[in-house]
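Below is one structure, written out as structure tokens; the observations come after it.
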Amino acid sequence: MALTHCFPGGVTLAFPDLVLERGEVVLLRGPSGAGKSTLLNLLAGVLAPRTVPGEFSAATCRARLRVGEIDLLNASARQRQALRPDRVGWVPQRPILQAGLTLLDNLLLPTLFSTVTLPDDLHARATHALDCLGLTQAMRQRGREASVGQAARINLARALLLRPPLLLADEPTAALDAENAERVAEAIAEHLSAGGGAVIATHDAAWAAVLERAAPGATRMIELSGGG
Amino acid sequence: MLGLRLQLRLRLIGAFLRERPSHFLLAVVLAALGMASATAVLWLRDTLETHAARQAEGIDIVVGAKGSALQNVLAAVYHVDVPNGNIPLAEVEAIAARPDVARAVPIALGDSVGGARIVGTTAEFLTLYEARAALGSDAIAPMGALLGAEVARRTGLRVGDHFVGTHGLAEGGEEHDSHPYLVTGILAPTGRIIDQLVVTALESVWLVHEGHTAATEPEVTFALVTVKGPAAMATLPRALNARPALQAAVPALESARLLTVFGWVVALVQAFAWTMVAAAVASLFGALMQAAARREPDFAMLSAIGARPMRLALLLLVELAVVVLAAAAIALAIVLGLPAVATAWVGVALPWRLWTGVCWFGVVLSVTALVALLAGLPVVIRAGRVDVAQQLTGH
């Protein structure tokens, strides 16, 4: 049985079956309202699944939604929350930086909420991420001084900093020029080659091709129609 | 790595506070003024009560002419009212000779200088007020004057100067030009009413008023009586009141009666103090509400990268705690400066007890912080449960 999600207003979205392997990236495509962001929000654990209008009952539902060993259909809000930042790195559609912190501090913020021991090479990782995404020169800038493109790249670097197994990104290149979009593709390819998986919503067919070139054979495309 | 997390946490809170410095400063200043005003009012009330009680220390009974007992106490102890009349010195000597009386100090009033009352008395008056000369001599001599510390400061008179008294207890009376006083000493400050008096011998007052009264025997205005034990307090006032010329008044009773009459003033002062606390609470609550509203996108972002609701609520509480601590530091500085400002402004060295002020400050701070926290708790909890999907994706 396919996963569906009912919004309180009555709109219901249906999603095709999807199993993500390590080292694989699934690109979600489809018109606005097809459910790309909704699926990412469900996987990120920020949206509680509702498979039928009214109260959700796991007992009568045969759909499955799992991230690793976490069954999101039966998970509590606390369990869903616990996915981030160690198991899931999430790049939301609207990138937000803390205005008073530097870009470097913004990048390091997930360390405050990680429940695992922080790696010794954290600073090296941060420096590498900033370098890969062309942000080394800007790392001392405050969040309020950052452009939308810089904010989007910091959001991606932040999601990947603790090397979570799953990366979820919602239109990560929407505000980027071709050069920076390519940098983003390379950073995601590096994540995949390290054994991570990714689900990415994008409208950008050209960038999808760039990602395919950066991670050959790892890209799979799923077209969402949103039909409930 | 704990170092990195701690540093980052501090920088995050610092960034929150720096984001709207004017809002932060306004909240701090309003809360500080509220807490300082409340503490000041409560501390001042305590200090004035202590001050009033200190003026009557050692004076168990005031004996004066028949009339209002309260008026006699106000005139003899606090020097703020006019006496009912005079009493014979012989009566005072008889009181002093009683076995249940430790001391009966005669005082004769009638004149003043620069608004300060001239008190004709004996050396026991200085003993009663534990006063000693800071400059010159502390011997009480006819037409010699010992100036209370505050009188010396206000009039600028120095040892060796001459002055004349004016008739009556207020400024503007007839001057006794023919009987100048010589300043023989200046008393050290005591924090009691003697600081605001000019002390001279009984003979000075009699000499200045020679021919002005029809009295055939020496008279004084009051006797300040110290009894030997509590038993005397039960019997002596009644015995003295039985005498046709005398009125015995107990300062402690008269002060209590006065406080009963003006109890509403005390209640009003207390109400004002707690209104100030409420203002401080409102200021902190306002700061919390503003912070919660402003932080919604920040909290959504932090939640997106894994912050639990409790962590977000704690961030808001730390922000509130910084405002409270900054306000408390300013309020404490204002409160501690109060005695110096009050002394310079009013000119009276009140018996400020630091410990009392600090205790009142602790009470005001605790009440303010606790009420602000309780009032703000729903705001804090709601802020922790930010709708991430709504904030960051519009879903």
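Going by the structure tokens order, chains are called A, B, ..., each with residues numbered from 1, while ligands are numbered from 1 in the order shown.
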
For B:Ala75, list every protein, DNA or RNA residue within 12 Å, evaluated using only C-alpha atoms, and leave out those in the same chain fewer than 3 positions away; present the list as a PyMOL selection string.
chain B and resi 55-56+62-65+68-72+78-85+107-110+117+119+169+193+221-224+249+251

Output for the residues just chosen: N, CA and C atoms as an mmCIF file, in the first residue's frame:
```cif
data_model
loop_
_atom_site.group_PDB
_atom_site.id
_atom_site.type_symbol
_atom_site.label_atom_id
_atom_site.label_comp_id
_atom_site.auth_asym_id
_atom_site.auth_seq_id
_atom_site.Cartn_x
_atom_site.Cartn_y
_atom_site.Cartn_z
ATOM 1 N N GLN B 55 15.007 57.805 67.635
ATOM 2 C CA GLN B 55 14.890 59.122 68.267
ATOM 3 C C GLN B 55 14.380 58.985 69.701
ATOM 4 N N ALA B 56 13.575 57.947 69.911
ATOM 5 C CA ALA B 56 12.973 57.780 71.248
ATOM 6 C C ALA B 56 13.774 56.813 72.122
ATOM 7 N N VAL B 62 7.728 61.000 78.375
ATOM 8 C CA VAL B 62 7.919 62.446 78.225
ATOM 9 C C VAL B 62 6.949 63.119 79.187
ATOM 10 N N VAL B 63 7.478 63.968 80.037
ATOM 11 C CA VAL B 63 6.621 64.693 80.984
ATOM 12 C C VAL B 63 6.593 66.158 80.572
ATOM 13 N N GLY B 64 5.383 66.677 80.347
ATOM 14 C CA GLY B 64 5.238 68.064 79.958
ATOM 15 C C GLY B 64 3.995 68.646 80.593
ATOM 16 N N ALA B 65 3.588 69.820 80.071
ATOM 17 C CA ALA B 65 2.387 70.457 80.603
ATOM 18 C C ALA B 65 1.157 69.694 80.129
ATOM 19 N N SER B 68 -2.198 67.769 74.914
ATOM 20 C CA SER B 68 -2.134 66.578 74.056
ATOM 21 C C SER B 68 -0.861 65.782 74.323
ATOM 22 N N ALA B 69 -1.027 64.506 74.631
ATOM 23 C CA ALA B 69 0.134 63.643 74.876
ATOM 24 C C ALA B 69 0.958 63.501 73.595
ATOM 25 N N LEU B 70 0.249 63.321 72.466
ATOM 26 C CA LEU B 70 0.954 63.151 71.190
ATOM 27 C C LEU B 70 1.756 64.408 70.858
ATOM 28 N N GLN B 71 1.132 65.569 71.126
ATOM 29 C CA GLN B 71 1.822 66.838 70.840
ATOM 30 C C GLN B 71 3.091 66.952 71.671
ATOM 31 N N ASN B 72 3.002 66.542 72.942
ATOM 32 C CA ASN B 72 4.182 66.597 73.807
ATOM 33 C C ASN B 72 5.294 65.700 73.283
ATOM 34 N N TYR B 78 10.696 64.406 68.802
ATOM 35 C CA TYR B 78 10.990 64.595 67.372
ATOM 36 C C TYR B 78 11.209 66.071 67.008
ATOM 37 N N HIS B 79 10.889 66.973 67.943
ATOM 38 C CA HIS B 79 11.068 68.416 67.748
ATOM 39 C C HIS B 79 10.376 68.893 66.469
ATOM 40 N N VAL B 80 9.112 68.441 66.304
ATOM 41 C CA VAL B 80 8.354 68.865 65.120
ATOM 42 C C VAL B 80 7.034 69.544 65.504
ATOM 43 N N ASP B 81 6.782 69.742 66.772
ATOM 44 C CA ASP B 81 5.517 70.383 67.174
ATOM 45 C C ASP B 81 5.828 71.346 68.316
ATOM 46 N N VAL B 82 4.849 72.159 68.658
ATOM 47 C CA VAL B 82 5.074 73.108 69.758
ATOM 48 C C VAL B 82 4.591 72.493 71.069
ATOM 49 N N PRO B 83 5.241 72.849 72.165
ATOM 50 C CA PRO B 83 4.855 72.272 73.460
ATOM 51 C C PRO B 83 3.507 72.811 73.932
ATOM 52 N N ASN B 84 2.912 72.077 74.880
ATOM 53 C CA ASN B 84 1.649 72.528 75.472
ATOM 54 C C ASN B 84 1.859 73.666 76.473
ATOM 55 N N GLY B 85 3.059 73.740 77.001
ATOM 56 C CA GLY B 85 3.354 74.769 78.006
ATOM 57 C C GLY B 85 4.596 74.370 78.774
ATOM 58 N N ILE B 107 14.430 69.712 79.704
ATOM 59 C CA ILE B 107 14.767 70.511 78.518
ATOM 60 C C ILE B 107 13.837 71.718 78.464
ATOM 61 N N ALA B 108 14.422 72.849 78.066
ATOM 62 C CA ALA B 108 13.654 74.097 77.960
ATOM 63 C C ALA B 108 13.733 74.586 76.527
ATOM 64 N N LEU B 109 12.562 74.739 75.920
ATOM 65 C CA LEU B 109 12.515 75.176 74.522
ATOM 66 C C LEU B 109 11.960 76.591 74.456
ATOM 67 N N GLY B 110 12.038 77.216 73.318
ATOM 68 C CA GLY B 110 11.449 78.537 73.167
ATOM 69 C C GLY B 110 12.041 79.316 72.023
ATOM 70 N N ARG B 117 16.180 74.208 66.596
ATOM 71 C CA ARG B 117 15.717 74.550 67.940
ATOM 72 C C ARG B 117 16.883 74.650 68.929
ATOM 73 N N VAL B 119 17.945 74.138 72.611
ATOM 74 C CA VAL B 119 17.460 73.319 73.715
ATOM 75 C C VAL B 119 18.301 73.623 74.961
ATOM 76 N N LEU B 169 9.849 78.733 67.620
ATOM 77 C CA LEU B 169 10.531 77.534 67.127
ATOM 78 C C LEU B 169 10.650 77.501 65.610
ATOM 79 N N ILE B 193 18.126 62.983 66.615
ATOM 80 C CA ILE B 193 17.577 64.340 66.473
ATOM 81 C C ILE B 193 18.537 65.419 66.988
ATOM 82 N N THR B 221 10.441 72.964 79.839
ATOM 83 C CA THR B 221 9.338 72.572 78.955
ATOM 84 C C THR B 221 8.977 71.099 79.123
ATOM 85 N N PHE B 222 10.008 70.272 79.191
ATOM 86 C CA PHE B 222 9.772 68.826 79.304
ATOM 87 C C PHE B 222 10.804 68.193 80.224
ATOM 88 N N ALA B 223 10.461 66.986 80.653
ATOM 89 C CA ALA B 223 11.453 66.095 81.256
ATOM 90 C C ALA B 223 11.442 64.814 80.431
ATOM 91 N N LEU B 224 12.629 64.407 80.011
ATOM 92 C CA LEU B 224 12.743 63.153 79.271
ATOM 93 C C LEU B 224 13.150 62.081 80.275
ATOM 94 N N ALA B 249 3.511 61.188 78.846
ATOM 95 C CA ALA B 249 3.196 60.515 77.572
ATOM 96 C C ALA B 249 4.290 59.500 77.285
ATOM 97 N N PRO B 251 6.317 57.677 74.534
ATOM 98 C CA PRO B 251 6.586 57.826 73.092
ATOM 99 C C PRO B 251 6.214 56.584 72.281
#
```

Residues of chain A were defined as contacting chain B if any atom lay at most 9 Å from it, counting only C-alpha atoms; please report them as a PDB file with N, CA, C and O atoms, in the first residue's frame.
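Once everything was written out, this is selection_13.pdb:
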```pdb
ATOM      1  N   SER A  37       8.037  18.748  -1.398  1.00  0.00           N
ATOM      2  CA  SER A  37       8.441  19.267  -0.078  1.00  0.00           C
ATOM      3  C   SER A  37       7.777  18.469   1.036  1.00  0.00           C
ATOM      4  O   SER A  37       8.393  18.223   2.090  1.00  0.00           O
ATOM      5  N   THR A  38       6.522  18.051   0.785  1.00  0.00           N
ATOM      6  CA  THR A  38       5.812  17.290   1.821  1.00  0.00           C
ATOM      7  C   THR A  38       6.532  15.977   2.121  1.00  0.00           C
ATOM      8  O   THR A  38       6.726  15.609   3.285  1.00  0.00           O
ATOM      9  N   ASN A  41       9.607  16.727   4.054  1.00  0.00           N
ATOM     10  CA  ASN A  41       9.273  17.080   5.440  1.00  0.00           C
ATOM     11  C   ASN A  41       8.915  15.841   6.251  1.00  0.00           C
ATOM     12  O   ASN A  41       9.250  15.744   7.441  1.00  0.00           O
ATOM     13  N   ALA A  44      12.130  14.060   6.913  1.00  0.00           N
ATOM     14  CA  ALA A  44      12.959  14.798   7.881  1.00  0.00           C
ATOM     15  C   ALA A  44      12.371  14.724   9.281  1.00  0.00           C
ATOM     16  O   ALA A  44      13.043  15.056  10.254  1.00  0.00           O
ATOM     17  N   VAL A  46       9.804  16.494  10.352  1.00  0.00           N
ATOM     18  CA  VAL A  46       9.218  17.756  10.818  1.00  0.00           C
ATOM     19  C   VAL A  46       7.711  17.796  10.560  1.00  0.00           C
ATOM     20  O   VAL A  46       7.024  18.697  11.021  1.00  0.00           O
ATOM     21  N   LEU A  47       7.223  16.851   9.809  1.00  0.00           N
ATOM     22  CA  LEU A  47       5.786  16.763   9.541  1.00  0.00           C
ATOM     23  C   LEU A  47       5.316  15.396  10.027  1.00  0.00           C
ATOM     24  O   LEU A  47       5.911  14.371   9.673  1.00  0.00           O
ATOM     25  N   ARG A  78       9.190  13.088  19.492  1.00  0.00           N
ATOM     26  CA  ARG A  78      10.552  13.102  20.032  1.00  0.00           C
ATOM     27  C   ARG A  78      11.484  12.221  19.184  1.00  0.00           C
ATOM     28  O   ARG A  78      12.622  12.607  18.905  1.00  0.00           O
ATOM     29  N   GLN A  81      12.100  13.914  15.899  1.00  0.00           N
ATOM     30  CA  GLN A  81      13.031  15.027  16.121  1.00  0.00           C
ATOM     31  C   GLN A  81      14.474  14.513  16.234  1.00  0.00           C
ATOM     32  O   GLN A  81      15.412  15.150  15.768  1.00  0.00           O
ATOM     33  N   ALA A  82      14.599  13.326  16.833  1.00  0.00           N
ATOM     34  CA  ALA A  82      15.935  12.780  17.094  1.00  0.00           C
ATOM     35  C   ALA A  82      16.674  12.360  15.828  1.00  0.00           C
ATOM     36  O   ALA A  82      17.854  12.040  15.874  1.00  0.00           O
ATOM     37  N   LEU A  83      15.985  12.378  14.699  1.00  0.00           N
ATOM     38  CA  LEU A  83      16.665  12.039  13.441  1.00  0.00           C
ATOM     39  C   LEU A  83      17.743  13.061  13.101  1.00  0.00           C
ATOM     40  O   LEU A  83      18.757  12.736  12.491  1.00  0.00           O
ATOM     41  N   ARG A  84      17.465  14.314  13.438  1.00  0.00           N
ATOM     42  CA  ARG A  84      18.364  15.400  13.071  1.00  0.00           C
ATOM     43  C   ARG A  84      19.226  15.784  14.275  1.00  0.00           C
ATOM     44  O   ARG A  84      18.729  15.733  15.393  1.00  0.00           O
ATOM     45  N   PRO A  85      20.473  16.098  14.111  1.00  0.00           N
ATOM     46  CA  PRO A  85      21.225  16.231  12.866  1.00  0.00           C
ATOM     47  C   PRO A  85      22.081  14.997  12.554  1.00  0.00           C
ATOM     48  O   PRO A  85      22.767  14.987  11.557  1.00  0.00           O
ATOM     49  N   ASP A  86      22.026  13.954  13.433  1.00  0.00           N
ATOM     50  CA  ASP A  86      22.992  12.863  13.265  1.00  0.00           C
ATOM     51  C   ASP A  86      22.615  11.873  12.172  1.00  0.00           C
ATOM     52  O   ASP A  86      23.486  11.305  11.532  1.00  0.00           O
ATOM     53  N   VAL A  88      19.840  12.446   9.816  1.00  0.00           N
ATOM     54  CA  VAL A  88      19.303  13.145   8.638  1.00  0.00           C
ATOM     55  C   VAL A  88      19.836  14.572   8.615  1.00  0.00           C
ATOM     56  O   VAL A  88      19.753  15.288   9.615  1.00  0.00           O
ATOM     57  N   GLY A  89      20.381  14.951   7.477  1.00  0.00           N
ATOM     58  CA  GLY A  89      20.744  16.341   7.256  1.00  0.00           C
ATOM     59  C   GLY A  89      19.680  16.948   6.358  1.00  0.00           C
ATOM     60  O   GLY A  89      19.387  16.401   5.287  1.00  0.00           O
ATOM     61  N   TRP A  90      19.071  18.021   6.819  1.00  0.00           N
ATOM     62  CA  TRP A  90      17.923  18.559   6.085  1.00  0.00           C
ATOM     63  C   TRP A  90      18.232  19.969   5.594  1.00  0.00           C
ATOM     64  O   TRP A  90      18.633  20.833   6.369  1.00  0.00           O
ATOM     65  N   VAL A  91      18.027  20.188   4.300  1.00  0.00           N
ATOM     66  CA  VAL A  91      18.183  21.528   3.708  1.00  0.00           C
ATOM     67  C   VAL A  91      16.789  21.997   3.318  1.00  0.00           C
ATOM     68  O   VAL A  91      16.252  21.572   2.296  1.00  0.00           O
ATOM     69  N   PRO A  92      16.161  22.830   4.152  1.00  0.00           N
ATOM     70  CA  PRO A  92      14.788  23.239   3.820  1.00  0.00           C
ATOM     71  C   PRO A  92      14.753  24.208   2.648  1.00  0.00           C
ATOM     72  O   PRO A  92      15.772  24.752   2.240  1.00  0.00           O
ATOM     73  N   GLN A  93      13.532  24.385   2.152  1.00  0.00           N
ATOM     74  CA  GLN A  93      13.339  25.235   0.969  1.00  0.00           C
ATOM     75  C   GLN A  93      13.788  26.676   1.231  1.00  0.00           C
ATOM     76  O   GLN A  93      14.311  27.337   0.360  1.00  0.00           O
ATOM     77  N   ARG A  94      13.523  27.149   2.473  1.00  0.00           N
ATOM     78  CA  ARG A  94      13.804  28.547   2.800  1.00  0.00           C
ATOM     79  C   ARG A  94      15.048  28.576   3.701  1.00  0.00           C
ATOM     80  O   ARG A  94      14.937  28.323   4.898  1.00  0.00           O
ATOM     81  N   PRO A  95      16.214  28.845   3.125  1.00  0.00           N
ATOM     82  CA  PRO A  95      17.418  28.793   3.965  1.00  0.00           C
ATOM     83  C   PRO A  95      17.454  29.958   4.951  1.00  0.00           C
ATOM     84  O   PRO A  95      17.258  31.108   4.573  1.00  0.00           O
ATOM     85  N   ILE A  96      17.663  29.652   6.211  1.00  0.00           N
ATOM     86  CA  ILE A  96      17.714  30.716   7.235  1.00  0.00           C
ATOM     87  C   ILE A  96      19.044  30.620   7.970  1.00  0.00           C
ATOM     88  O   ILE A  96      19.464  29.532   8.371  1.00  0.00           O
ATOM     89  N   LEU A  97      19.691  31.773   8.119  1.00  0.00           N
ATOM     90  CA  LEU A  97      20.922  31.824   8.907  1.00  0.00           C
ATOM     91  C   LEU A  97      20.655  32.640  10.164  1.00  0.00           C
ATOM     92  O   LEU A  97      19.772  33.504  10.180  1.00  0.00           O
ATOM     93  N   GLN A  98      21.424  32.371  11.218  1.00  0.00           N
ATOM     94  CA  GLN A  98      21.340  33.217  12.408  1.00  0.00           C
ATOM     95  C   GLN A  98      22.088  34.501  12.061  1.00  0.00           C
ATOM     96  O   GLN A  98      23.297  34.481  11.826  1.00  0.00           O
ATOM     97  N   ALA A  99      21.335  35.625  12.082  1.00  0.00           N
ATOM     98  CA  ALA A  99      21.872  36.881  11.547  1.00  0.00           C
ATOM     99  C   ALA A  99      23.123  37.360  12.279  1.00  0.00           C
ATOM    100  O   ALA A  99      24.025  37.927  11.663  1.00  0.00           O
ATOM    101  N   GLY A 100      23.198  37.117  13.580  1.00  0.00           N
ATOM    102  CA  GLY A 100      24.304  37.672  14.371  1.00  0.00           C
ATOM    103  C   GLY A 100      25.536  36.782  14.408  1.00  0.00           C
ATOM    104  O   GLY A 100      26.574  37.199  14.924  1.00  0.00           O
ATOM    105  N   LEU A 101      25.443  35.580  13.893  1.00  0.00           N
ATOM    106  CA  LEU A 101      26.599  34.676  13.903  1.00  0.00           C
ATOM    107  C   LEU A 101      27.335  34.740  12.563  1.00  0.00           C
ATOM    108  O   LEU A 101      26.740  35.063  11.539  1.00  0.00           O
ATOM    109  N   ASP A 105      30.218  30.019  12.201  1.00  0.00           N
ATOM    110  CA  ASP A 105      29.432  29.596  13.373  1.00  0.00           C
ATOM    111  C   ASP A 105      28.087  29.014  12.954  1.00  0.00           C
ATOM    112  O   ASP A 105      27.597  28.053  13.546  1.00  0.00           O
ATOM    113  N   LEU A 108      28.614  25.548  12.069  1.00  0.00           N
ATOM    114  CA  LEU A 108      28.920  24.650  13.196  1.00  0.00           C
ATOM    115  C   LEU A 108      27.719  24.396  14.123  1.00  0.00           C
ATOM    116  O   LEU A 108      27.810  23.575  15.042  1.00  0.00           O
ATOM    117  N   LEU A 109      26.620  25.100  13.894  1.00  0.00           N
ATOM    118  CA  LEU A 109      25.480  25.000  14.829  1.00  0.00           C
ATOM    119  C   LEU A 109      24.990  23.573  15.122  1.00  0.00           C
ATOM    120  O   LEU A 109      24.607  23.272  16.246  1.00  0.00           O
ATOM    121  N   PRO A 110      24.984  22.648  14.130  1.00  0.00           N
ATOM    122  CA  PRO A 110      24.487  21.290  14.438  1.00  0.00           C
ATOM    123  C   PRO A 110      25.268  20.617  15.562  1.00  0.00           C
ATOM    124  O   PRO A 110      24.751  19.713  16.223  1.00  0.00           O
ATOM    125  N   THR A 111      26.506  21.052  15.803  1.00  0.00           N
ATOM    126  CA  THR A 111      27.296  20.421  16.879  1.00  0.00           C
ATOM    127  C   THR A 111      26.627  20.632  18.235  1.00  0.00           C
ATOM    128  O   THR A 111      26.843  19.847  19.154  1.00  0.00           O
ATOM    129  N   LEU A 112      25.821  21.711  18.354  1.00  0.00           N
ATOM    130  CA  LEU A 112      25.133  21.975  19.627  1.00  0.00           C
ATOM    131  C   LEU A 112      24.081  20.915  19.925  1.00  0.00           C
ATOM    132  O   LEU A 112      23.720  20.695  21.076  1.00  0.00           O
ATOM    133  N   PHE A 113      23.568  20.285  18.878  1.00  0.00           N
ATOM    134  CA  PHE A 113      22.400  19.412  19.076  1.00  0.00           C
ATOM    135  C   PHE A 113      22.693  17.947  18.740  1.00  0.00           C
ATOM    136  O   PHE A 113      21.799  17.113  18.806  1.00  0.00           O
ATOM    137  N   SER A 114      23.924  17.668  18.368  1.00  0.00           N
ATOM    138  CA  SER A 114      24.302  16.288  18.068  1.00  0.00           C
ATOM    139  C   SER A 114      24.340  15.487  19.369  1.00  0.00           C
ATOM    140  O   SER A 114      24.752  15.988  20.413  1.00  0.00           O
ATOM    141  N   THR A 117      29.416  11.720  19.952  1.00  0.00           N
ATOM    142  CA  THR A 117      30.682  12.407  20.203  1.00  0.00           C
ATOM    143  C   THR A 117      31.132  13.101  18.927  1.00  0.00           C
ATOM    144  O   THR A 117      31.115  12.506  17.837  1.00  0.00           O
ATOM    145  N   LEU A 118      31.524  14.346  19.055  1.00  0.00           N
ATOM    146  CA  LEU A 118      31.910  15.107  17.872  1.00  0.00           C
ATOM    147  C   LEU A 118      33.253  14.595  17.350  1.00  0.00           C
ATOM    148  O   LEU A 118      34.136  14.240  18.135  1.00  0.00           O
ATOM    149  N   PRO A 119      33.393  14.534  16.019  1.00  0.00           N
ATOM    150  CA  PRO A 119      34.650  14.029  15.464  1.00  0.00           C
ATOM    151  C   PRO A 119      35.815  14.982  15.729  1.00  0.00           C
ATOM    152  O   PRO A 119      35.619  16.201  15.828  1.00  0.00           O
ATOM    153  N   ASP A 120      37.001  14.414  15.835  1.00  0.00           N
ATOM    154  CA  ASP A 120      38.188  15.242  16.093  1.00  0.00           C
ATOM    155  C   ASP A 120      38.492  16.179  14.924  1.00  0.00           C
ATOM    156  O   ASP A 120      39.072  17.243  15.113  1.00  0.00           O
ATOM    157  N   ARG A 158      25.937  22.764   6.298  1.00  0.00           N
ATOM    158  CA  ARG A 158      25.487  22.505   7.679  1.00  0.00           C
ATOM    159  C   ARG A 158      24.824  21.130   7.771  1.00  0.00           C
ATOM    160  O   ARG A 158      25.038  20.388   8.722  1.00  0.00           O
ATOM    161  N   ALA A 159      24.009  20.817   6.756  1.00  0.00           N
ATOM    162  CA  ALA A 159      23.305  19.525   6.757  1.00  0.00           C
ATOM    163  C   ALA A 159      24.283  18.369   6.625  1.00  0.00           C
ATOM    164  O   ALA A 159      24.034  17.271   7.131  1.00  0.00           O
ATOM    165  N   ASP A 170      15.676  20.464  -0.339  1.00  0.00           N
ATOM    166  CA  ASP A 170      14.515  20.985  -1.057  1.00  0.00           C
ATOM    167  C   ASP A 170      14.970  22.158  -1.915  1.00  0.00           C
ATOM    168  O   ASP A 170      15.248  23.239  -1.395  1.00  0.00           O
TER     169      ASP A 170
END
```

A:Val210 surroundings by only C-alpha atoms, 12 Å radius, close-in-sequence under 5 positions cut, as a PyMOL selection string:
chain A and resi 173+178-189+204-205+215-216+219

Need to verify the contact set: B:Ile330, 12 Å, only C-alpha atoms, exclusion of same-chain residues closer than 5 positions in sequence. Can you return it as a count of residues only?
19

Would you give me, as a list in words, the residues in stretch 161-236 of chain B that DSSP reads as strand (DSSP E)?
His162, Phe163, Thr166, His167, Tyr181, Leu182, Val183, Thr184, Gly185, Ile186, Leu187, Leu197, Val198, Val199, Thr200, Ala201, Glu219, Val220, Phe222, Ala223, Leu224, Val225, Thr226 and Val227 of chain B

Let me see the file: selected residues, N, CA and C atoms, as a compact mmCIF listing (two decimals), in the first residue's frame.
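Wrote out_33.txt, looks like this:
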```txt
# COMPACT_ATOMS: atom_id res chain seq x y z
N HIS B 162 29.63 83.86 67.15
CA HIS B 162 28.49 84.28 67.96
C HIS B 162 27.23 84.25 67.10
N PHE B 163 26.11 84.03 67.72
CA PHE B 163 24.82 84.15 67.02
C PHE B 163 23.75 84.51 68.04
N THR B 166 16.29 83.47 67.78
CA THR B 166 15.05 84.18 67.49
C THR B 166 13.93 83.53 68.29
N HIS B 167 12.98 84.34 68.70
CA HIS B 167 11.91 83.83 69.55
C HIS B 167 10.99 82.91 68.73
N TYR B 181 24.77 84.08 71.71
CA TYR B 181 25.38 82.80 72.12
C TYR B 181 26.79 82.71 71.53
N LEU B 182 27.65 82.00 72.22
CA LEU B 182 28.99 81.71 71.72
C LEU B 182 29.06 80.21 71.40
N VAL B 183 29.46 79.90 70.18
CA VAL B 183 29.59 78.47 69.80
C VAL B 183 30.84 77.91 70.49
N THR B 184 30.62 76.98 71.42
CA THR B 184 31.75 76.41 72.16
C THR B 184 32.13 75.02 71.66
N GLY B 185 31.25 74.42 70.91
CA GLY B 185 31.58 73.08 70.39
C GLY B 185 30.63 72.66 69.28
N ILE B 186 31.11 71.74 68.49
CA ILE B 186 30.26 71.14 67.44
C ILE B 186 30.23 69.63 67.67
N LEU B 187 29.03 69.10 67.76
CA LEU B 187 28.87 67.69 68.10
C LEU B 187 29.09 66.79 66.88
N LEU B 197 19.80 70.01 66.52
CA LEU B 197 19.50 70.91 67.64
C LEU B 197 20.73 71.72 68.03
N VAL B 198 20.45 72.82 68.76
CA VAL B 198 21.52 73.58 69.39
C VAL B 198 21.35 73.38 70.89
N VAL B 199 22.39 72.89 71.54
CA VAL B 199 22.29 72.54 72.96
C VAL B 199 22.98 73.62 73.80
N THR B 200 22.28 74.06 74.80
CA THR B 200 22.86 75.05 75.71
C THR B 200 22.40 74.72 77.14
N ALA B 201 22.83 75.50 78.10
CA ALA B 201 22.44 75.26 79.50
C ALA B 201 21.03 75.80 79.72
N GLU B 219 11.27 77.25 85.36
CA GLU B 219 10.44 76.31 84.61
C GLU B 219 11.23 75.66 83.48
N VAL B 220 10.80 74.52 83.08
CA VAL B 220 11.34 73.87 81.87
C VAL B 220 10.15 73.44 81.02
N PHE B 222 10.01 70.27 79.19
CA PHE B 222 9.77 68.83 79.30
C PHE B 222 10.80 68.19 80.22
N ALA B 223 10.46 66.99 80.65
CA ALA B 223 11.45 66.10 81.26
C ALA B 223 11.44 64.81 80.43
N LEU B 224 12.63 64.41 80.01
CA LEU B 224 12.74 63.15 79.27
C LEU B 224 13.15 62.08 80.28
N VAL B 225 12.24 61.16 80.56
CA VAL B 225 12.42 60.25 81.69
C VAL B 225 12.81 58.85 81.21
N THR B 226 13.84 58.31 81.87
CA THR B 226 14.21 56.91 81.64
C THR B 226 13.90 56.17 82.94
N VAL B 227 13.12 55.11 82.85
CA VAL B 227 12.74 54.38 84.07
C VAL B 227 13.72 53.22 84.32
```

When you look at B:Ile194 with a cut-off of 12 Å (counting only C-alpha atoms), what residues show up, excluding the ones that are within fewer than 4 positions of it in the same chain? I need them as a ChimeraX atom specification.
/B:54-56,76-79,116-119,125-133,146-152,186-190,198-200,348-349

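The nearest approach to A:Arg22 among the residues A:Leu39, A:Leu167, A:Val116, A:Gln79, with only C-alpha atoms taken into account, belongs to A:Leu167.
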
Residues near stretch 230-239 of chain B, cut-off 10 Å, only C-alpha atoms, skip fewer than 5 positions along chain, as a ChimeraX atom specification
/B:60-63,95,98-101,246-250

Mind dumping the selected residues with C-alpha atoms as an mmCIF file, in the first residue's frame?
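Contents of part-v1.cif, freshly written:
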```cif
data_model
loop_
_atom_site.group_PDB
_atom_site.id
_atom_site.type_symbol
_atom_site.label_atom_id
_atom_site.label_comp_id
_atom_site.auth_asym_id
_atom_site.auth_seq_id
_atom_site.Cartn_x
_atom_site.Cartn_y
_atom_site.Cartn_z
ATOM 1 C CA ASP B 60 10.487 55.963 78.202
ATOM 2 C CA ILE B 61 8.211 58.815 79.271
ATOM 3 C CA VAL B 62 7.919 62.446 78.225
ATOM 4 C CA VAL B 63 6.621 64.693 80.984
ATOM 5 C CA ILE B 95 10.680 62.860 89.364
ATOM 6 C CA ARG B 98 12.101 58.728 92.539
ATOM 7 C CA PRO B 99 13.579 55.275 93.113
ATOM 8 C CA ASP B 100 11.986 53.860 89.949
ATOM 9 C CA VAL B 101 13.478 56.582 87.711
ATOM 10 C CA LEU B 246 1.934 67.291 84.574
ATOM 11 C CA GLN B 247 1.122 65.218 81.532
ATOM 12 C CA ALA B 248 3.029 61.960 81.070
ATOM 13 C CA ALA B 249 3.196 60.515 77.572
ATOM 14 C CA VAL B 250 4.831 57.271 76.462
#
```
